[in-house]
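Engineer: Structure provided below as structure tokens; questions to follow.
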Amino acid sequence: MTDSHHEPGAAAQPRPVRLYRLPDSLGGKLWVWRYLVLRRLTQFLVILLFFATAHWAWGLLGEPLLSGNLSASSVIGLIPLADPFAVLQILFTRHLLATEVLIGAVIVLVFYALVGGRVFCSWVCPVNPVTDLAGWLRNKLGLGNALHLNRSLRYYVLVLALVLALVTGLAAFEWVSPIAMLHRELIFGIGMGLIGVGGIFLFDLMVVKHGWCGHLCPLGAFYSLVGRVAQVRVRFDERTCTKCGECIRVCPEPQVLNLNQAARHGLVTSGECTNCGRCVPVCPEDSLSFDLRPLIRRHNDIQ
Amino acid sequence: MTQATGSGRRAFLIRLVQGASLAASAGLVWTYVLRNQARATPFALRPPGAVAEADFHALCIKCGQCVNACPYETLRLATAWERMPIGSPYFKPREYPCLMCPDIPCKEACPTGALNADLQDIEDARMGLAVIDTENCLSWQGLRCEVCFLSCPVKGKAISLERRSGVDGGLARIVPWVHSAHCTGCGVCENRCPTDEASIRVVDASLVQGRMGAHYRLRDHDPAGLMVFDPPPESAGSERGDKDSVPGLDALNLGDWP
């Protein structure tokens with residue numbers, strides 16, 4: 001990544017490429033890590049609310065606060081929530097579902113369609129801290145990939161899950177999902193399900209970088225499709241970008257930071273972007289920021 | 001496709017077949033795992049109102065809201081590699097039976113319909129069927145236990161006490177009988193059974209229950225047969241409190257002991 005030779009907008013004088021440097025002060029570091037801290041807090045809070053409702057009877061207005069788990073739940077006995085991919089699989093088993101869970105799936109689907117499908121992946125999913133740890137560790141150890149996987153493999157896994165639901169009459173992924181095993185056992189009691197997560201950790205650490213979340217997980221693939229219409233997106237300001245490549249270095253789905261495409265649209269368009277916010281603080285030119293899709297064009301023009 | 005020799009179409013077809021084969025082999029392994037999981041079914045006692053097992057497998061989203069709604073420690077979600085189908089709710093009566101809440105909160109909490117919303121009366125629930133190991137049942141072996149009869153929530157209907165003549169001229173015994181028409185499979189009897197290992201157990205009805213077939217025409221057909229136990233209070237009293245016979249446990253001591 002060097003200076004671009006053709007910057008259509010403000011390309012009068014080539015800007016010097018500055019690289020990102022982590023601040024020395026703790027406050028500066030925390031500011032850089034703000035999305036990371038928020039993500040960990042959200043992930044922890046979601047599991048805590050489920051756990052506390054199940055074990056400490058946390059409630060509101062005399063109703064359980066958040067009963068269930070990430071597959072399906074109920075907020076104060078009033079608002080149903082459900083994993084739309086799990087519901088889709090059950091529908092593929094040709095079973096009629098009760099209205100409650102269908103409403104729950106629609107609520108969750110609309111929410112993620114607005115904030116970004118894969119916001120689930122980086123802000124809610126309990127596997128994310130595990131794979132992040134594996135990614136961080138493999139970086140420290142300087143490990144390479146043991147084999148090559150195509151990132152679109154996950155879409156085939158997604159299709160296969162639905163086909164198998166149709167054939168076997170079982171919600172195919174829900175029965176083997178290490179994600180579901182993890183949150184279910186964190187909330188309802190630890191069992192051998194954690195071995196599945198251990199497998200993912202090892203796979204991500206030793207075999208393929210971002211192997212599970214970035215290549216195989218059909219739930220992530222599902223939310224990638226949902227995320228195509230996301231309204232919260234990372235805005236890309238081409239005029240300030242020096243193409244230093246810092247954002248791509250920290251991104252777990254670097255293919256989404258196709259800067260030529262981002263320049264055309266003024267934002268990261270791919271549904272595979274998890275809105276994790278890693279790229280935003282490390283950009284030395286502040287060319288990347290969270291924004292709402294309808295406002296992005298205007299904001300890019302004004303600046 | 002870039003490495004392919006020959007025509008582009010041939011390379012494309014080869015890639016297509018290779019992709020399909022990969023999907024098929026992955027699908028076969030995946031299906032094997034699924035069927036293996038689902039096979040564990042007969043060991044799992046489901047919450048009240050659970051639909052037929054194959055439908056339950058499909059419908060249960062494994063959210064655990066029934067577990068949270070259960071006011072006791074009855075329901076659990078199966079963890080991975082347990083003998084139960086993964087993530088689904090079940091209970092083990094010997095550890096904690098279903099106490100048959102009249103408002104059936106677990107069924108109310110189910111968002112998917114895996115627990116049938118139509119179940120209104122908890123006594124209509126069929127979670128399993130109690131069966132008695134007569135070889136180890138204290139009552140069947142001549143002791144006056146009757147704990148299962150006394151603890152049964154469907155009092156006098158699901159388990160009755162019957163008089164059974166003694167073996168080889170021995171003393172008559174009062175033994176428990178289970179009536180499938182009324183047994184909900186709640187498992188309180190199994191939980192309370194005083195033998196080291198429960199001698200009355202709740203199992204999936206399909207494992208133990210036969211079906212006679214409609215073509216049998218029985219004279220005096222009585223679905224409960226000998227098992228009906230509906231003694232008028234007077235007769236029960238006179239039977240047990242007979243002045244001439246030795247009451248209670250003492251009778252047992254007189255019989256076989258020297």
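Chain lettering (A, B, ...) mirrors the order of the structure tokens, residue numbering begins at 1 for each chain separately, and ligand numbering begins at 1 in order of display.
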Applying 10 Å and only C-alpha atoms, which residues near Asp132 (chain A) remain after dropping the ones on its own chain fewer than 2 positions away? List them as a PyMOL selection string.

Structural biologist: chain A and resi 122+127-130+134-138+201+204-205+210+213+252

Engineer: Out of region 61-266 of chain A, which residues get strand (DSSP E or B) from DSSP, as a PDB file with N, CA and C atoms, in the first residue's frame?

Structural biologist:
```pdb
ATOM      1  N   GLU A  63     -41.870  -9.727  36.140  1.00  0.00           N
ATOM      2  CA  GLU A  63     -41.651 -10.714  35.072  1.00  0.00           C
ATOM      3  C   GLU A  63     -40.154 -10.979  34.938  1.00  0.00           C
ATOM      4  N   PRO A  64     -39.787 -12.173  34.477  1.00  0.00           N
ATOM      5  CA  PRO A  64     -38.363 -12.436  34.250  1.00  0.00           C
ATOM      6  C   PRO A  64     -37.776 -11.472  33.228  1.00  0.00           C
ATOM      7  N   LEU A  66     -34.905 -11.374  31.171  1.00  0.00           N
ATOM      8  CA  LEU A  66     -34.533 -11.862  29.843  1.00  0.00           C
ATOM      9  C   LEU A  66     -34.396 -13.378  29.933  1.00  0.00           C
ATOM     10  N   SER A  67     -35.478 -14.056  29.654  1.00  0.00           N
ATOM     11  CA  SER A  67     -35.526 -15.511  29.830  1.00  0.00           C
ATOM     12  C   SER A  67     -35.247 -16.220  28.520  1.00  0.00           C
ATOM     13  N   GLY A  68     -34.391 -17.222  28.585  1.00  0.00           N
ATOM     14  CA  GLY A  68     -34.084 -17.999  27.390  1.00  0.00           C
ATOM     15  C   GLY A  68     -32.602 -17.968  27.096  1.00  0.00           C
ATOM     16  N   ALA A  72     -33.721 -18.318  21.399  1.00  0.00           N
ATOM     17  CA  ALA A  72     -35.018 -17.671  21.547  1.00  0.00           C
ATOM     18  C   ALA A  72     -35.117 -17.180  22.971  1.00  0.00           C
ATOM     19  N   SER A  73     -35.815 -16.073  23.157  1.00  0.00           N
ATOM     20  CA  SER A  73     -35.930 -15.529  24.500  1.00  0.00           C
ATOM     21  C   SER A  73     -37.164 -14.662  24.596  1.00  0.00           C
ATOM     22  N   SER A  74     -37.380 -14.174  25.794  1.00  0.00           N
ATOM     23  CA  SER A  74     -38.532 -13.336  26.032  1.00  0.00           C
ATOM     24  C   SER A  74     -38.109 -12.226  26.982  1.00  0.00           C
ATOM     25  N   VAL A  75     -38.363 -10.973  26.603  1.00  0.00           N
ATOM     26  CA  VAL A  75     -38.008  -9.828  27.431  1.00  0.00           C
ATOM     27  C   VAL A  75     -39.209  -9.475  28.293  1.00  0.00           C
ATOM     28  N   ILE A  79     -41.858  -9.205  25.105  1.00  0.00           N
ATOM     29  CA  ILE A  79     -41.313  -9.112  23.755  1.00  0.00           C
ATOM     30  C   ILE A  79     -40.572 -10.400  23.429  1.00  0.00           C
ATOM     31  N   PRO A  80     -41.056 -11.162  22.462  1.00  0.00           N
ATOM     32  CA  PRO A  80     -40.325 -12.368  22.082  1.00  0.00           C
ATOM     33  C   PRO A  80     -39.153 -12.013  21.171  1.00  0.00           C
ATOM     34  N   LEU A  81     -38.059 -12.750  21.328  1.00  0.00           N
ATOM     35  CA  LEU A  81     -36.917 -12.612  20.424  1.00  0.00           C
ATOM     36  C   LEU A  81     -36.545 -14.017  19.969  1.00  0.00           C
ATOM     37  N   ALA A  82     -36.072 -14.136  18.742  1.00  0.00           N
ATOM     38  CA  ALA A  82     -35.666 -15.463  18.280  1.00  0.00           C
ATOM     39  C   ALA A  82     -34.596 -15.332  17.212  1.00  0.00           C
ATOM     40  N   VAL A 232     -26.538   1.139   9.536  1.00  0.00           N
ATOM     41  CA  VAL A 232     -25.344   1.624  10.238  1.00  0.00           C
ATOM     42  C   VAL A 232     -24.133   1.035   9.530  1.00  0.00           C
ATOM     43  N   ARG A 233     -23.292   1.894   8.994  1.00  0.00           N
ATOM     44  CA  ARG A 233     -22.156   1.424   8.206  1.00  0.00           C
ATOM     45  C   ARG A 233     -20.906   2.239   8.520  1.00  0.00           C
ATOM     46  N   VAL A 234     -19.792   1.680   8.122  1.00  0.00           N
ATOM     47  CA  VAL A 234     -18.547   2.429   8.260  1.00  0.00           C
ATOM     48  C   VAL A 234     -18.411   3.350   7.038  1.00  0.00           C
ATOM     49  N   ARG A 235     -18.379   4.651   7.331  1.00  0.00           N
ATOM     50  CA  ARG A 235     -18.238   5.625   6.258  1.00  0.00           C
ATOM     51  C   ARG A 235     -16.771   5.730   5.866  1.00  0.00           C
ATOM     52  N   PHE A 236     -16.532   5.868   4.587  1.00  0.00           N
ATOM     53  CA  PHE A 236     -15.152   5.986   4.100  1.00  0.00           C
ATOM     54  C   PHE A 236     -14.995   7.318   3.380  1.00  0.00           C
TER      55      PHE A 236
END
```

Engineer: Please, what distance in Å, to one decimal, runs between CA of Ala44 (chain B) and CA of Ala198 (chain B)?

Structural biologist: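 Interatomic distance here is 16.9 Å.
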
Engineer: Quick check, in Å to one decimal: how far apart do CA of Ala98 (chain A) and CA of Gly169 (chain A) lie?

Structural biologist: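 Calculated distance between CA of Ala98 (chain A) and CA of Gly169 (chain A) is 17.2 Å.
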
Engineer: Tell me as a list of chain:residue names which residues belonging to chain B come within 6 Å of chain A, counting only C-alpha atoms.

Structural biologist: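 Per the criterion, chain B yields B:Ala58, B:Cys63, B:Gly64, B:Gln65, B:Asn68, B:Thr79, B:Ala80, B:Pro111, B:Thr112, B:Gly113.
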
Engineer: Take CA of Val115 (chain A) and CA of Thr274 (chain A) and report the distance between them in Å, one decimal.

Structural biologist: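 Between CA of Val115 (chain A) and CA of Thr274 (chain A) the gap is 9.9 Å.
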
Engineer: As a list in words, please: the residues near region 36-39 of chain B (cut-off 7 Å, only C-alpha atoms, same-chain neighbours under 4 positions excluded).

Structural biologist: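 The neighbour list is Tyr32, Pro85 and Ile86 of chain B.
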
Engineer: Wanna dump the region 29-128 of chain B-region 166-188 of chain B contacts at 9 Å for me, each residue with its shortest atom pair and the distance in Å to one decimal, counting only C-alpha atoms, ordered by chain and number, as JSON lines?

Structural biologist:
```
{"residue": "B:Leu45", "atom": "CA", "partner": "B:Gly185", "partner_atom": "CA", "distance": 8.4}
{"residue": "B:Pro48", "atom": "CA", "partner": "B:Thr184", "partner_atom": "CA", "distance": 8.5}
{"residue": "B:Lys92", "atom": "CA", "partner": "B:Gly187", "partner_atom": "CA", "distance": 8.1}
{"residue": "B:Pro93", "atom": "CA", "partner": "B:Gly187", "partner_atom": "CA", "distance": 4.8}
{"residue": "B:Arg94", "atom": "CA", "partner": "B:Gly187", "partner_atom": "CA", "distance": 7.4}
{"residue": "B:Tyr96", "atom": "CA", "partner": "B:Val188", "partner_atom": "CA", "distance": 8.1}
{"residue": "B:Pro97", "atom": "CA", "partner": "B:Gly187", "partner_atom": "CA", "distance": 5.0}
{"residue": "B:Cys98", "atom": "CA", "partner": "B:Cys186", "partner_atom": "CA", "distance": 4.8}
{"residue": "B:Leu99", "atom": "CA", "partner": "B:Cys186", "partner_atom": "CA", "distance": 6.7}
{"residue": "B:Met100", "atom": "CA", "partner": "B:Cys186", "partner_atom": "CA", "distance": 6.9}
{"residue": "B:Ile122", "atom": "CA", "partner": "B:Thr184", "partner_atom": "CA", "distance": 8.1}
{"residue": "B:Glu123", "atom": "CA", "partner": "B:Thr184", "partner_atom": "CA", "distance": 6.2}
{"residue": "B:Asp124", "atom": "CA", "partner": "B:Thr184", "partner_atom": "CA", "distance": 6.8}
{"residue": "B:Ala125", "atom": "CA", "partner": "B:Thr184", "partner_atom": "CA", "distance": 5.3}
{"residue": "B:Arg126", "atom": "CA", "partner": "B:Thr184", "partner_atom": "CA", "distance": 4.5}
{"residue": "B:Met127", "atom": "CA", "partner": "B:Gly185", "partner_atom": "CA", "distance": 4.7}
{"residue": "B:Gly128", "atom": "CA", "partner": "B:Gly185", "partner_atom": "CA", "distance": 4.1}
```
